[in-house]
>>> print(open('query.cif').read())   # mmCIF, C-alpha atoms
data_query
#
loop_
_atom_site.label_atom_id
_atom_site.label_comp_id
_atom_site.auth_asym_id
_atom_site.auth_seq_id
_atom_site.Cartn_x
_atom_site.Cartn_y
_atom_site.Cartn_z
CA MET N 1 -1.20 -25.31 54.66
CA ASN N 2 -1.11 -23.08 57.71
CA LEU N 3 1.51 -20.41 57.17
CA PRO N 4 3.34 -18.83 60.10
CA VAL N 5 1.70 -15.43 60.60
CA ILE N 6 3.47 -12.29 61.82
CA ASP N 7 1.12 -9.68 63.26
CA ALA N 8 2.64 -6.26 62.49
CA ARG N 9 -0.62 -4.32 62.64
CA GLY N 10 -0.32 -0.91 64.24
CA LEU N 11 3.46 -1.02 64.44
CA ALA N 12 5.42 2.06 63.43
CA CYS N 13 7.91 2.22 60.59
CA PRO N 14 10.21 0.29 60.15
CA GLU N 15 9.12 -2.45 62.58
CA PRO N 16 6.94 -4.35 60.08
CA VAL N 17 9.95 -4.68 57.77
CA VAL N 18 12.24 -5.68 60.66
CA LEU N 19 9.77 -8.43 61.59
CA THR N 20 9.51 -9.48 57.94
CA GLN N 21 13.29 -9.70 57.69
CA GLN N 22 13.47 -11.80 60.85
CA ALA N 23 10.71 -14.10 59.64
CA HIS N 24 12.44 -14.44 56.27
CA ARG N 25 15.49 -15.82 58.08
CA GLN N 26 13.36 -18.48 59.79
CA HIS N 27 10.75 -19.45 57.22
CA LYS N 28 10.63 -20.04 53.49
CA GLN N 29 7.01 -19.06 53.39
CA PHE N 30 5.04 -16.89 55.79
CA ALA N 31 2.36 -14.21 56.06
CA VAL N 32 2.51 -10.71 57.55
CA LEU N 33 -0.50 -8.70 58.70
CA VAL N 34 -0.28 -4.90 58.48
CA ASP N 35 -2.85 -2.12 58.59
CA ASN N 36 -1.41 0.70 56.50
CA LYS N 37 -0.25 1.29 52.95
CA VAL N 38 3.20 2.54 53.93
CA ALA N 39 4.00 -0.77 55.58
CA VAL N 40 2.72 -2.62 52.49
CA GLN N 41 4.96 -0.50 50.24
CA ASN N 42 7.98 -0.94 52.51
CA ILE N 43 7.56 -4.72 52.68
CA ALA N 44 6.96 -4.87 48.92
CA ARG N 45 10.26 -3.03 48.38
CA PHE N 46 11.98 -5.45 50.76
CA CYS N 47 10.59 -8.42 48.78
CA GLN N 48 11.60 -6.84 45.47
CA ASN N 49 15.15 -6.24 46.73
CA ARG N 50 15.41 -9.85 47.96
CA GLY N 51 13.66 -11.47 45.01
CA LEU N 52 10.78 -12.82 47.13
CA ALA N 53 7.32 -13.56 45.77
CA LEU N 54 4.57 -11.44 47.33
CA THR N 55 0.80 -11.61 47.21
CA VAL N 56 -1.26 -8.92 48.91
CA THR N 57 -4.90 -9.22 49.89
CA GLU N 58 -6.85 -6.38 51.47
CA GLU N 59 -9.83 -6.59 53.73
CA ASN N 60 -11.37 -3.66 55.64
CA GLY N 61 -8.20 -1.58 55.48
CA GLU N 62 -6.03 -4.42 56.74
CA TYR N 63 -3.59 -6.24 54.54
CA ARG N 64 -2.34 -9.81 54.49
CA LEU N 65 0.99 -10.21 52.73
CA GLU N 66 1.99 -13.73 51.80
CA ILE N 67 5.68 -14.00 51.16
CA ALA N 68 7.59 -16.90 49.70
CA ALA N 69 11.09 -17.58 48.47
CA LYS N 70 10.99 -17.95 44.68
CA MET E 1 15.13 3.17 38.49
CA LYS E 2 11.52 4.28 38.17
CA LYS E 3 10.86 3.67 41.85
CA TYR E 4 13.43 6.34 42.71
CA LEU E 5 11.91 9.04 40.49
CA GLY E 6 9.40 10.42 42.99
CA ILE E 7 11.75 10.51 45.95
CA VAL E 8 14.58 12.07 43.92
CA LEU E 9 12.26 14.74 42.48
CA THR E 10 10.97 15.44 46.00
CA GLY E 11 14.53 15.78 47.27
CA CYS E 12 15.27 18.18 44.41
CA ALA E 13 12.15 20.24 45.22
CA VAL E 14 13.08 20.40 48.93
CA GLY E 15 16.63 21.47 48.12
CA ALA E 16 15.47 24.09 45.61
CA ALA E 17 12.78 25.43 47.95
CA ALA E 18 15.33 25.67 50.76
CA VAL E 19 17.79 27.67 48.68
CA VAL E 20 15.01 29.99 47.45
CA LEU E 21 13.73 30.55 51.00
CA THR E 22 17.20 31.62 52.17
CA LEU E 23 17.48 33.99 49.20
CA LEU E 24 14.08 35.42 50.18
CA GLY E 25 15.18 36.13 53.73
CA ASN E 26 15.42 32.99 55.87
CA PRO E 27 18.64 32.63 57.93
CA GLY E 28 21.67 31.09 56.19
CA ASN E 29 21.38 27.37 55.36
CA MET E 30 17.97 27.47 57.05
CA GLY E 31 15.50 27.23 54.20
CA PHE E 32 13.92 24.59 56.38
CA CYS E 33 14.84 23.48 59.86
CA ILE E 34 12.15 21.65 61.75
CA ALA E 35 13.96 22.00 65.10
CA CYS E 36 14.76 25.70 64.67
CA PHE E 37 11.30 26.52 63.35
CA LEU E 38 9.47 24.69 66.14
CA ARG E 39 11.75 26.55 68.55
CA ASP E 40 10.84 29.85 66.84
CA ILE E 41 7.15 28.97 67.10
CA ALA E 42 7.58 28.19 70.80
CA GLY E 43 9.13 31.65 71.12
CA ALA E 44 6.39 33.36 69.11
CA ALA E 45 3.81 31.78 71.42
CA LYS E 46 5.85 33.08 74.38
CA LEU E 47 6.68 29.63 75.69
CA HIS E 48 10.25 30.87 75.98
CA SER E 49 11.72 34.33 76.18
CA ALA E 50 14.85 34.15 74.01
CA ALA E 51 14.26 37.37 72.07
CA VAL E 52 16.32 36.33 69.03
CA VAL E 53 14.31 33.21 68.14
CA GLN E 54 10.64 34.16 68.13
CA TYR E 55 8.63 33.89 64.92
CA LEU E 56 5.66 31.79 63.91
CA ARG E 57 7.21 30.02 60.92
CA PRO E 58 4.62 29.52 58.17
CA GLU E 59 6.74 26.71 56.69
CA ILE E 60 5.75 24.43 59.59
CA VAL E 61 2.05 25.20 59.12
CA GLY E 62 2.44 24.53 55.38
CA LEU E 63 4.21 21.21 55.94
CA VAL E 64 1.50 19.86 58.24
CA ILE E 65 -1.43 21.17 56.22
CA GLY E 66 0.17 20.13 52.90
CA ALA E 67 0.61 16.62 54.27
CA MET E 68 -2.98 16.61 55.50
CA ILE E 69 -4.32 17.70 52.08
CA ALA E 70 -2.23 15.05 50.30
CA ALA E 71 -3.28 12.38 52.77
CA VAL E 72 -6.99 13.23 52.46
CA ALA E 73 -6.74 13.28 48.65
CA ALA E 74 -5.03 9.87 48.61
CA LYS E 75 -7.45 8.43 51.19
CA GLU E 76 -4.51 8.05 53.58
CA PHE E 77 -5.84 10.33 56.31
CA LYS E 78 -6.24 7.47 58.76
CA PRO E 79 -5.93 8.76 62.31
CA ARG E 80 -4.11 6.44 64.68
CA GLY E 81 -2.39 6.68 68.02
CA GLY E 82 -1.83 5.08 71.39
CA SER E 83 1.69 3.78 70.87
CA ALA E 84 3.51 4.92 74.03
CA PRO E 85 2.55 8.62 73.82
CA ALA E 86 4.35 9.72 77.01
CA THR E 87 7.53 7.97 75.89
CA ARG E 88 7.26 9.64 72.49
CA PHE E 89 6.83 13.04 74.17
CA ALA E 90 10.06 12.44 76.13
CA LEU E 91 11.90 11.25 73.01
CA GLY E 92 10.70 14.34 71.11
CA ALA E 93 12.10 16.57 73.84
CA ALA E 94 15.40 14.65 73.90
CA VAL E 95 15.72 14.93 70.12
CA MET E 96 15.19 18.68 70.42
CA VAL E 97 17.92 18.98 73.06
CA GLY E 98 20.32 17.24 70.66
CA ALA E 99 19.20 19.31 67.67
CA LEU E 100 19.65 22.60 69.53
CA MET E 101 23.10 21.49 70.66
CA PHE E 102 24.05 21.02 66.99
CA LEU E 103 21.80 23.88 65.78
CA GLY E 104 19.61 22.04 63.35
CA CYS E 105 17.43 19.04 62.64
CA PRO E 106 18.63 16.35 60.22
CA LEU E 107 17.15 18.27 57.29
CA ARG E 108 19.06 21.43 58.20
CA MET E 109 22.16 19.28 58.69
CA VAL E 110 21.91 18.32 55.01
CA LEU E 111 21.18 21.93 54.01
CA ARG E 112 24.20 23.09 56.03
CA ILE E 113 26.46 20.58 54.26
CA GLY E 114 24.96 21.84 50.99
CA GLY E 115 26.06 25.34 51.97
CA GLY E 116 29.62 24.15 52.61
CA ASP E 117 29.38 24.04 56.42
CA LEU E 118 31.86 21.31 57.35
CA ASN E 119 30.69 21.32 60.99
CA ALA E 120 27.58 19.63 59.65
CA VAL E 121 29.70 16.85 58.16
CA VAL E 122 30.87 16.16 61.72
CA GLY E 123 27.19 16.27 62.70
CA LEU E 124 26.40 13.75 59.95
CA VAL E 125 28.98 11.32 61.31
CA GLY E 126 27.39 11.66 64.77
CA PHE E 127 23.92 11.29 63.24
CA ALA E 128 24.96 8.03 61.55
CA ALA E 129 26.47 6.77 64.82
CA GLY E 130 23.21 7.54 66.63
CA ILE E 131 21.21 5.77 63.93
CA LEU E 132 23.40 2.67 64.37
CA CYS E 133 22.49 2.65 68.09
CA GLY E 134 18.82 2.79 67.09
CA VAL E 135 19.21 0.05 64.47
CA PHE E 136 20.93 -2.14 67.06
CA ALA E 137 17.90 -1.64 69.31
CA LEU E 138 15.43 -2.43 66.51
CA ASN E 139 17.25 -5.64 65.69
CA ARG E 140 16.99 -6.65 69.33
CA GLY E 141 13.24 -6.17 69.48
CA PHE E 142 12.80 -2.49 70.38
CA SER E 143 9.19 -1.46 69.92
CA LEU E 144 6.90 1.22 71.33
CA LYS E 145 4.09 -1.27 70.65
CA ARG E 146 1.18 -0.85 68.38
CA ALA E 147 -1.05 2.09 67.59
CA TYR E 148 -4.79 1.82 67.11
CA SER E 149 -7.28 3.44 64.75
CA LEU E 150 -8.83 6.66 66.00
CA GLY E 151 -11.69 8.88 64.83
CA LYS E 152 -11.22 11.52 62.15
CA ALA E 153 -11.93 14.26 64.72
CA GLU E 154 -9.13 13.10 67.01
CA GLY E 155 -6.66 12.96 64.14
CA SER E 156 -7.64 16.48 63.04
CA VAL E 157 -7.08 18.21 66.39
CA LEU E 158 -3.38 18.99 65.97
CA PRO E 159 -3.30 19.94 62.25
CA VAL E 160 -6.45 22.06 62.54
CA GLY E 161 -5.24 23.57 65.83
CA LEU E 162 -1.97 24.58 64.16
CA ALA E 163 -3.86 26.12 61.23
CA LEU E 164 -6.08 28.10 63.63
CA LEU E 165 -3.01 29.32 65.52
CA PHE E 166 -1.60 30.54 62.20
CA VAL E 167 -4.83 32.38 61.34
CA LEU E 168 -4.82 34.00 64.78
CA TRP E 169 -1.21 35.06 64.18
CA LEU E 170 -2.21 36.64 60.85
CA VAL E 171 -5.21 38.58 62.22
CA GLN E 172 -3.92 39.38 65.71
CA PRO E 173 -0.11 39.53 65.44
CA GLY E 174 0.05 41.68 68.55
CA LEU E 175 -0.66 38.61 70.66
CA PHE E 176 2.61 37.02 69.59
CA ALA E 177 6.31 37.75 70.03
CA PHE E 178 8.43 38.74 67.04
CA SER E 179 12.24 38.81 67.10
CA GLU E 180 13.72 42.18 66.19
CA SER E 181 17.21 40.77 65.72
CA GLY E 182 18.87 37.39 65.34
CA PRO E 183 17.68 34.35 63.34
CA GLY E 184 14.05 34.87 64.39
CA SER E 185 14.00 38.24 62.64
CA MET E 186 15.15 36.73 59.34
CA ALA E 187 12.27 35.32 57.34
CA ALA E 188 11.03 34.85 53.81
CA PRO E 189 7.68 36.55 53.02
CA VAL E 190 4.78 34.77 54.69
CA LEU E 191 3.12 33.61 51.47
CA ALA E 192 6.34 32.24 49.99
CA ALA E 193 7.15 30.42 53.23
CA LEU E 194 3.64 28.97 53.44
CA ALA E 195 3.68 27.90 49.77
CA ALA E 196 7.07 26.23 50.12
CA GLY E 197 5.85 24.39 53.21
CA LEU E 198 2.68 23.25 51.46
CA LEU E 199 4.59 22.00 48.42
CA VAL E 200 7.13 20.08 50.49
CA GLY E 201 4.36 18.80 52.78
CA VAL E 202 2.47 17.31 49.83
CA LEU E 203 5.58 15.77 48.26
CA ALA E 204 6.96 14.42 51.53
CA GLN E 205 3.61 12.81 52.34
CA ARG E 206 3.46 11.10 48.96
CA THR E 207 7.06 9.85 48.96
CA ARG E 208 7.51 9.27 52.76
CA LEU E 209 10.71 11.38 52.66
CA CYS E 210 12.63 10.93 55.92
CA MET E 211 16.16 11.95 56.79
CA VAL E 212 16.72 9.30 59.45
CA GLY E 213 15.05 6.61 57.35
CA GLY E 214 17.64 6.97 54.58
CA ILE E 215 20.64 5.81 56.59
CA ARG E 216 18.53 3.46 58.75
CA ASP E 217 17.05 1.52 55.82
CA ALA E 218 20.39 1.38 54.01
CA VAL E 219 21.97 -0.24 57.09
CA LEU E 220 19.02 -2.43 58.11
CA PHE E 221 17.70 -3.65 54.77
CA ARG E 222 20.18 -2.46 52.11
CA ASP E 223 17.25 -0.36 50.86
CA PHE E 224 18.39 2.94 49.35
CA TYR E 225 15.01 4.47 48.50
CA LEU E 226 14.92 7.13 51.25
CA LEU E 227 18.66 7.73 51.03
CA ALA E 228 18.11 8.78 47.40
CA GLY E 229 15.94 11.67 48.64
CA PHE E 230 18.59 12.64 51.16
CA ALA E 231 21.25 12.65 48.41
CA ALA E 232 19.04 14.66 46.04
CA ILE E 233 18.53 17.41 48.67
CA LEU E 234 22.28 17.59 49.20
CA ALA E 235 23.08 17.70 45.47
CA VAL E 236 20.54 20.42 44.69
CA THR E 237 21.52 22.64 47.63
CA LEU E 238 25.20 22.34 46.68
CA VAL E 239 24.43 23.38 43.10
CA GLY E 240 21.86 26.00 44.14
CA ASN E 241 24.13 27.60 46.72
CA ALA E 242 27.02 27.59 44.25
CA ALA E 243 24.81 29.29 41.63
CA ALA E 244 23.67 31.86 44.20
CA GLY E 245 27.27 32.53 45.27
CA ARG E 246 26.55 31.23 48.77
CA LEU E 247 28.65 28.09 48.76
CA LEU E 248 31.50 28.59 51.21
CA PHE E 249 33.40 25.54 52.45
CA GLY E 250 34.83 25.77 55.94
CA PHE E 251 34.29 25.38 59.67
CA ALA E 252 34.49 28.95 60.98
CA GLY E 253 32.01 31.72 60.31
CA GLN E 254 29.18 29.51 59.02
CA PRO E 255 25.65 30.91 59.48
CA VAL E 256 23.86 29.91 62.71
CA ALA E 257 26.49 27.28 63.55
CA HIS E 258 29.38 26.69 65.95
CA THR E 259 32.66 24.86 65.51
CA ASP E 260 32.74 22.57 68.57
CA GLY E 261 33.14 19.22 66.81
CA VAL E 262 32.64 16.97 69.82
CA TRP E 263 29.29 18.54 70.65
CA ASN E 264 28.16 18.76 67.03
CA PHE E 265 28.83 15.01 66.87
CA LEU E 266 27.10 14.21 70.17
CA GLY E 267 24.11 16.48 69.50
CA MET E 268 23.33 14.78 66.20
CA ALA E 269 24.06 11.32 67.64
CA LEU E 270 21.29 11.99 70.17
CA VAL E 271 19.00 13.15 67.34
CA GLY E 272 19.77 10.04 65.26
CA TRP E 273 19.23 7.56 68.05
CA GLY E 274 16.04 9.21 69.31
CA SER E 275 14.64 9.57 65.79
CA VAL E 276 15.12 5.89 64.96
CA LEU E 277 13.23 4.97 68.14
CA LEU E 278 10.47 7.39 67.09
CA GLY E 279 10.31 5.86 63.61
CA GLY E 280 11.22 9.03 61.74
CA CYS E 281 13.06 12.35 61.70
CA PRO E 282 11.41 15.59 62.91
CA LEU E 283 10.22 16.38 59.35
CA ARG E 284 8.55 12.97 59.11
CA GLN E 285 6.88 13.54 62.51
CA LEU E 286 5.27 16.72 61.11
CA ILE E 287 4.10 14.90 57.97
CA LEU E 288 2.63 12.04 60.02
CA THR E 289 0.89 14.60 62.25
CA GLY E 290 -0.78 15.86 59.06
CA GLU E 291 -1.88 12.29 58.30
CA GLY E 292 -3.71 12.19 61.62
CA ASN E 293 -1.05 10.25 63.55
CA THR E 294 -1.47 11.54 67.10
CA ASP E 295 1.65 9.70 68.31
CA SER E 296 3.64 11.91 65.97
CA GLY E 297 1.57 14.89 67.09
CA ILE E 298 2.57 14.20 70.69
CA THR E 299 6.18 13.91 69.53
CA VAL E 300 5.93 17.36 67.90
CA LEU E 301 4.50 18.77 71.14
CA GLY E 302 7.42 17.15 72.98
CA MET E 303 9.81 18.88 70.58
CA ILE E 304 8.11 22.25 71.10
CA VAL E 305 8.25 21.90 74.89
CA GLY E 306 11.83 20.64 74.63
CA ALA E 307 12.74 23.74 72.61
CA ALA E 308 11.12 26.02 75.17
CA VAL E 309 13.02 24.29 77.98
CA CYS E 310 16.28 24.59 76.00
CA HIS E 311 15.90 28.36 75.71
CA ASN E 312 14.45 28.98 79.16
CA PHE E 313 17.32 27.14 80.83
CA GLY E 314 20.17 28.15 78.54
CA LEU E 315 20.69 24.71 77.02
CA ALA E 316 20.71 25.71 73.35
CA SER E 317 23.97 26.46 71.60
CA SER E 318 24.62 29.69 69.74
CA ALA E 319 27.22 30.78 67.19
CA ASP E 320 29.55 31.17 70.21
CA GLY E 321 29.30 27.44 70.90
CA PRO E 322 27.56 25.11 73.32
CA THR E 323 26.82 25.98 76.95
CA LEU E 324 27.76 23.90 79.99
CA ALA E 325 24.07 23.47 80.79
CA GLY E 326 23.52 22.28 77.23
CA LYS E 327 26.28 19.69 77.52
CA ILE E 328 24.75 18.37 80.76
CA ALA E 329 21.32 18.28 79.07
CA VAL E 330 22.68 16.25 76.14
CA GLY E 331 24.15 13.82 78.68
CA ILE E 332 20.75 13.54 80.36
CA GLY E 333 19.16 13.14 76.92
CA PHE E 334 21.41 10.16 76.17
CA ALA E 335 20.53 8.64 79.54
CA VAL E 336 16.80 9.08 78.85
CA VAL E 337 17.08 7.54 75.38
CA ALA E 338 19.16 4.65 76.70
CA VAL E 339 16.65 3.87 79.45
CA ILE E 340 13.77 4.08 76.94
CA THR E 341 15.67 1.73 74.62
CA VAL E 342 16.35 -0.87 77.29
CA THR E 343 12.90 -0.77 78.85
CA ASN E 344 11.12 -1.21 75.51
CA LEU E 345 12.91 -4.27 74.21
CA GLN E 346 10.08 -6.70 73.57
CA LYS E 347 10.41 -10.41 73.84
CA ARG E 348 9.38 -11.61 70.45
CA GLY E 349 7.97 -15.08 70.28
CA ALA E 350 8.11 -17.11 67.10
CA ALA E 351 5.45 -16.45 64.48
CA LYS E 352 2.10 -17.89 65.39
#
>>> encode(input="query.cif", output="structure tokens")
Amino acid sequence: MNLPVIDARGLACPEPVVLTQQAHRQHKQFAVLVDNKVAVQNIARFCQNRGLALTVTEENGEYRLEIAAK
Amino acid sequence: MKKYLGIVLTGCAVGAAAVVLTLLGNPGNMGFCIACFLRDIAGAAKLHSAAVVQYLRPEIVGLVIGAMIAAVAAKEFKPRGGSAPATRFALGAAVMVGALMFLGCPLRMVLRIGGGDLNAVVGLVGFAAGILCGVFALNRGFSLKRAYSLGKAEGSVLPVGLALLFVLWLVQPGLFAFSESGPGSMAAPVLAALAAGLLVGVLAQRTRLCMVGGIRDAVLFRDFYLLAGFAAILAVTLVGNAAAGRLLFGFAGQPVAHTDGVWNFLGMALVGWGSVLLGGCPLRQLILTGEGNTDSGITVLGMIVGAAVCHNFGLASSADGPTLAGKIAVGIGFAVVAVITVTNLQKRGAAK
């Protein structure tokens, strides 16, 4: 299945989380691309607070976060 | 609760270090103040000629270098930049105009409340109002667009340059200006100031401590992580100042502060709004500079130039209150921030 993908690479705090929040309102399942650990941690905290399932994969310093409603 | 441990301990360390630095000689409720200290550095480097605020504050050097050491150790020294640098420079200057209207950055605002200065509570209300303006913008698609990876050398220019300036100041102090009276003449010993800066720099890098982020994330995401650090600083400075016999509640006669509520409110509102657009408070900009973020480095340069302009043109407040020129400058600052907000609202398409 092709997930909707949000490209948040290079964006400053807290834009990746803002985009994640907006995507969460539109989609049950989606992916976010980020390129720094702070963004990963911030989105992970967002998912934890909302009870969302999160899988993170890293490749060459870039991260793909797949998020789904539990 | 475990996730809060690091940020709360960092807040406690910042609060304790701030109280100790004031006991060792820093001005009242000014253990740390990023705005005041950048202004003092601008004065020490003779970028402005206000004789009472000239001193090369080692705390700032410590914060940036501490953050750099922590970032290198954690493999997080990843230089990046290119996200609207000229806009960030302007926002940094506007934030400084607001901070010098109030007489403090968001961190000093918390330290002032922790010393019983009720003017800073008025500032906090303005700060929160400014943050709400910024959050409104973020929710409507405000973005300074993306940054890109840069080389290690590029990311090192500002932290290393600051360290070299500090070494030059140590070996050739005659080149620099030193206040003989006023806040710039009040300072903790160099080593203590440097050590406190290094400690806080390391901790703030690890925990991402940010004064504007606390209220912003609580409003935007109901996330209280950063706000916990903010609260810890306040709690420890209240207790520390009480223990040191320096806790004095009131509006009048507070150290390096004035009692004009309207302008304390507006000054910090400008700081809050500008800082949300920048992605972090002045402290966070210093920490990110240490991580090799040149956008934050440009912001810090904007703050330094803004501070020099404030003192060269009589915009900064003093204990006597704000100046007319300062009030006009805060008005211009709001106009600048508003135009930047409106012109950087991005049309966001649906996810691809």
>>> closest_residue(input="query.cif", among="N:Asn42, N:Asn2, N:Asn60, N:Asn49", to="N:Leu19", atoms="only C-alpha atoms")
N:Asn42
>>> resolve_selection(input="query.cif", expression="the PyMOL selection byres ((chain N and resi 65) around 6)", output="list in words")
Ala31, Val32, Thr55, Val56, Arg64 and Glu66 of chain N
>>> closest_residue(input="query.cif", among="N:Gln41, N:Gln22, N:Gln29, N:Asn36", to="E:Tyr148", atoms="only C-alpha atoms")
N:Asn36
>>> resolve_selection(input="query.cif", expression="the PyMOL selection byres ((chain E and resi 187) around 8)", output="ChimeraX atom specification")
/E:24-27,184-186,188-190
>>> closest_residue(input="query.cif", among="N:Leu52, N:Leu11, N:Val5, N:Val38", to="N:Ala23", atoms="all atoms listed in the file")
N:Val5
>>> closest_residue(input="query.cif", among="N:Gly61, N:Ala39, N:His24, N:Cys47", to="N:Ala8", atoms="all atoms listed in the file")
N:Ala39
>>> closest_atom_pairs(input="query.cif", of="chain N", to="chain E", cutoff="7 Å", atoms="only C-alpha atoms", output="tab-separated table")
residue	atom	partner	partner_atom	distance
N:Pro4	CA	E:Ala351	CA	5.4
N:Val5	CA	E:Lys352	CA	5.4
N:Ile6	CA	E:Ala351	CA	5.3
N:Arg9	CA	E:Arg146	CA	6.9
N:Gly10	CA	E:Arg146	CA	4.4
N:Leu11	CA	E:Arg146	CA	4.6
N:Ala12	CA	E:Gly279	CA	6.2
N:Cys13	CA	E:Gly279	CA	5.3
N:Pro14	CA	E:Gly279	CA	6.6
>>> closest_residue(input="query.cif", among="E:Val236, E:Ala153, E:Leu124, E:Leu56", to="E:Val14", atoms="only C-alpha atoms")
E:Val236
>>> residues_around(input="query.cif", residues="E:Phe89", least_positions_apart="5", cutoff="6 Å", atoms="only C-alpha atoms", output="ChimeraX atom specification")
/E:298-299,302
>>> closest_residue(input="query.cif", among="N:Val18, N:Ala68, N:Val34, N:Leu3", to="N:Arg50", atoms="all atoms listed in the file")
N:Ala68
>>> build_atoms(input="query.cif", residues="stretch 278-284 of chain E", atoms="all heavy atoms", output="mmCIF file, in the frame of the given file")
data_model
loop_
_atom_site.group_PDB
_atom_site.id
_atom_site.type_symbol
_atom_site.label_atom_id
_atom_site.label_comp_id
_atom_site.auth_asym_id
_atom_site.auth_seq_id
_atom_site.Cartn_x
_atom_site.Cartn_y
_atom_site.Cartn_z
ATOM 1 N N LEU E 278 11.767 6.775 67.389
ATOM 2 C CA LEU E 278 10.470 7.390 67.090
ATOM 3 C C LEU E 278 9.915 6.926 65.753
ATOM 4 O O LEU E 278 8.748 7.145 65.439
ATOM 5 C CB LEU E 278 10.613 8.919 67.064
ATOM 6 C CG LEU E 278 10.735 9.593 68.430
ATOM 7 C CD1 LEU E 278 11.244 11.017 68.275
ATOM 8 C CD2 LEU E 278 9.387 9.579 69.134
ATOM 9 N N GLY E 279 10.765 6.325 64.918
ATOM 10 C CA GLY E 279 10.310 5.860 63.610
ATOM 11 C C GLY E 279 10.434 6.892 62.512
ATOM 12 O O GLY E 279 9.969 6.665 61.396
ATOM 13 N N GLY E 280 11.055 8.035 62.798
ATOM 14 C CA GLY E 280 11.220 9.030 61.740
ATOM 15 C C GLY E 280 11.829 10.315 62.269
ATOM 16 O O GLY E 280 11.773 10.603 63.457
ATOM 17 N N CYS E 281 12.408 11.083 61.356
ATOM 18 C CA CYS E 281 13.060 12.350 61.700
ATOM 19 C C CYS E 281 11.996 13.405 62.054
ATOM 20 O O CYS E 281 10.799 13.178 61.853
ATOM 21 C CB CYS E 281 13.907 12.827 60.522
ATOM 22 S SG CYS E 281 12.941 13.399 59.108
ATOM 23 N N PRO E 282 12.397 14.557 62.567
ATOM 24 C CA PRO E 282 11.410 15.590 62.910
ATOM 25 C C PRO E 282 10.509 15.997 61.725
ATOM 26 O O PRO E 282 9.303 16.190 61.915
ATOM 27 C CB PRO E 282 12.286 16.763 63.369
ATOM 28 C CG PRO E 282 13.474 16.087 63.999
ATOM 29 C CD PRO E 282 13.743 14.904 63.113
ATOM 30 N N LEU E 283 11.060 16.068 60.514
ATOM 31 C CA LEU E 283 10.220 16.380 59.350
ATOM 32 C C LEU E 283 9.121 15.324 59.195
ATOM 33 O O LEU E 283 7.945 15.642 59.019
ATOM 34 C CB LEU E 283 11.079 16.427 58.072
ATOM 35 C CG LEU E 283 10.291 16.488 56.760
ATOM 36 C CD1 LEU E 283 9.587 17.836 56.600
ATOM 37 C CD2 LEU E 283 11.194 16.237 55.548
ATOM 38 N N ARG E 284 9.512 14.072 59.274
ATOM 39 C CA ARG E 284 8.550 12.970 59.110
ATOM 40 C C ARG E 284 7.479 13.014 60.213
ATOM 41 O O ARG E 284 6.323 12.679 59.966
ATOM 42 C CB ARG E 284 9.319 11.636 59.147
ATOM 43 C CG ARG E 284 8.458 10.410 58.933
ATOM 44 C CD ARG E 284 8.097 10.173 57.479
ATOM 45 N NE ARG E 284 7.207 9.031 57.320
ATOM 46 C CZ ARG E 284 6.131 9.014 56.537
ATOM 47 N NH1 ARG E 284 5.810 10.059 55.808
ATOM 48 N NH2 ARG E 284 5.382 7.944 56.450
#
